[in-house]
Amino acid sequence: METELSAARLEVMQHVGKDLDALMAEYLKPIDQNWQPTDFLPDSSKENFFSEVKLLQESCRDLPYDYIAVLIGDTITEEALPTYESWLMDVIGVDQVNNPSGWSRWVRAWTAEENRHGDLLNKYLYLSGRVNMRAMEVSTQYLIADGFDIGTDRDPYRNFIYTSFQELATNVSHRRTATLSKQFGNPHLSKICGVIASDEMRHAKAYKAFVSRILAVDPSELMLALEDMMRKKIVMPAHFLRESGVKMGDTFSHFSDAAQRLGVYTTMDYIEILESLLLEWEIGTIRELNSGAEKARDYLMALPARLRRIADRTRIPELQYEFSWISR
């Protein structure tokens, strides 16, 4: 059965990726035309470097504790890209050995664009003077070494559903940190978070388009995959986040609490992302499904309301956790 499933998935992946050049041209940017981290940072080769760093540090001095914690957590998440690339390279239909110009080219190019995000945020935080960089770097190494389990296996359907959701979630998070930094009197950091958010939205559009193409040719299997992912819940890629001496995953819950308190990424955002995907993929109007997929569709359409009832009873912890990452 698994062999049959893999063969069917492979055929669909070949169909979806038959015009990969056009997809890459639409959703990714030429490297020479793309922004790079140094475009937004003080130039260390210039005489005014130290004065610019001093101004940068002054603009970060009054950023709230929770905000710094969220920015660090976002940075570590972005820097764990080696994990994400190696995971996607093992997905059915991605073959970097026998077909390096196929889907593996997308994975490499997407990863290369995403890699700039962690580079930029890392250098900014280093210059800010607010961060214990060694503690942060330890967490980054732990996250890459620990990897993750996002419940997608090698299935491209589940992986594209996951990346559609995750790219939208990171767009929300970076967009909110951009808004907040402007409110906190730091327009420079706002611009940085804003350009990263823009990338995330462009990437979200790509993965949503991949899912739409799969729905057009294999709606029942995609519907079952979507139901499975939502029953398990979409976990963030940094859900194993930890600090030195802390149990795997414990730091992530504190990071999530800080994001909830700030309103950077909340339970309601999770629900609204789900609703936007159900609408975009027209899940409620898809017909010609097998009986299992019809039940899956009904479950999915009722899910946002059920999640809202649960969210209404959820309390956000008020206690501030002492992160090892932050220099007081």
# chains A, B, ... in the order shown; residues from 1 in each chain; ligands from 1
>>> residues_around(residues="Pro64 of chain A", least_positions_apart="5", cutoff="10 Å", atoms="only C-alpha atoms", output="number ranges by chain")
A: 69, 181, 184, 262
>>> closest_atom_pairs(of="segment 186-254 of chain A", to="segment 292-309 of chain A", cutoff="7 Å", atoms="only C-alpha atoms", output="Markdown table")
| residue | atom | partner | partner_atom | distance |
| --- | --- | --- | --- | --- |
| A:Ser220 | CA | A:Ala293 | CA | 5.1 |
| A:Met223 | CA | A:Ala293 | CA | 5.7 |
| A:Leu224 | CA | A:Ala293 | CA | 5.5 |
| A:Glu227 | CA | A:Ala296 | CA | 5.6 |
>>> residues_around(residues="Ile76 of chain A", least_positions_apart="2", cutoff="12 Å", atoms="only C-alpha atoms", output="number ranges by chain")
A: 69-74, 78-83, 115, 117-122, 125, 133, 135-144, 237-243, 251-252, 255, 325
>>> residues_around(residues="Met24 of chain A", least_positions_apart="3", cutoff="9 Å", atoms="only C-alpha atoms", output="ChimeraX atom specification")
/A:19-21,27-29,106,109-110,206
>>> closest_residue(among="A:Ile326, A:Leu319, A:Met248, A:Ala8", to="Ala145 of chain A", atoms="only C-alpha atoms")
A:Met248
>>> closest_atom_pairs(of="segment 231-288 of chain A", to="segment 157-169 of chain A", cutoff="9 Å", atoms="only C-alpha atoms", output="CSV")
residue,atom,partner,partner_atom,distance
A:Ile234,CA,A:Tyr162,CA,6.9
A:Val235,CA,A:Gln166,CA,8.7
A:Met236,CA,A:Gln166,CA,7.1
A:Pro237,CA,A:Gln166,CA,8.2
A:Tyr265,CA,A:Ala169,CA,7.5
A:Asp269,CA,A:Ala169,CA,7.7
A:Tyr270,CA,A:Ala169,CA,7.4
A:Ile273,CA,A:Phe165,CA,6.9
A:Leu274,CA,A:Phe165,CA,7.5
A:Leu277,CA,A:Phe165,CA,7.9
>>> select_by_dssp(residues="segment 43-264 of chain A", states="alpha helix (DSSP H)", output="MDAnalysis selection string")
chainID A and resid 49:60 65:79 81:88 103:128 133:146 156:183 187:217 219:232 250:262
>>> atom_distance(atom1="atom CA of Ala112 of chain A", atom2="atom CA of Glu85 of chain A")
9.6 Å
>>> closest_residue(among="A:Asp228, A:Lys182, A:Arg287, A:Ser324", to="Ser244 of chain A", atoms="only C-alpha atoms")
A:Ser324
>>> atom_distance(atom1="atom CA of Ile150 of chain A", atom2="atom CA of Leu88 of chain A")
11.6 Å
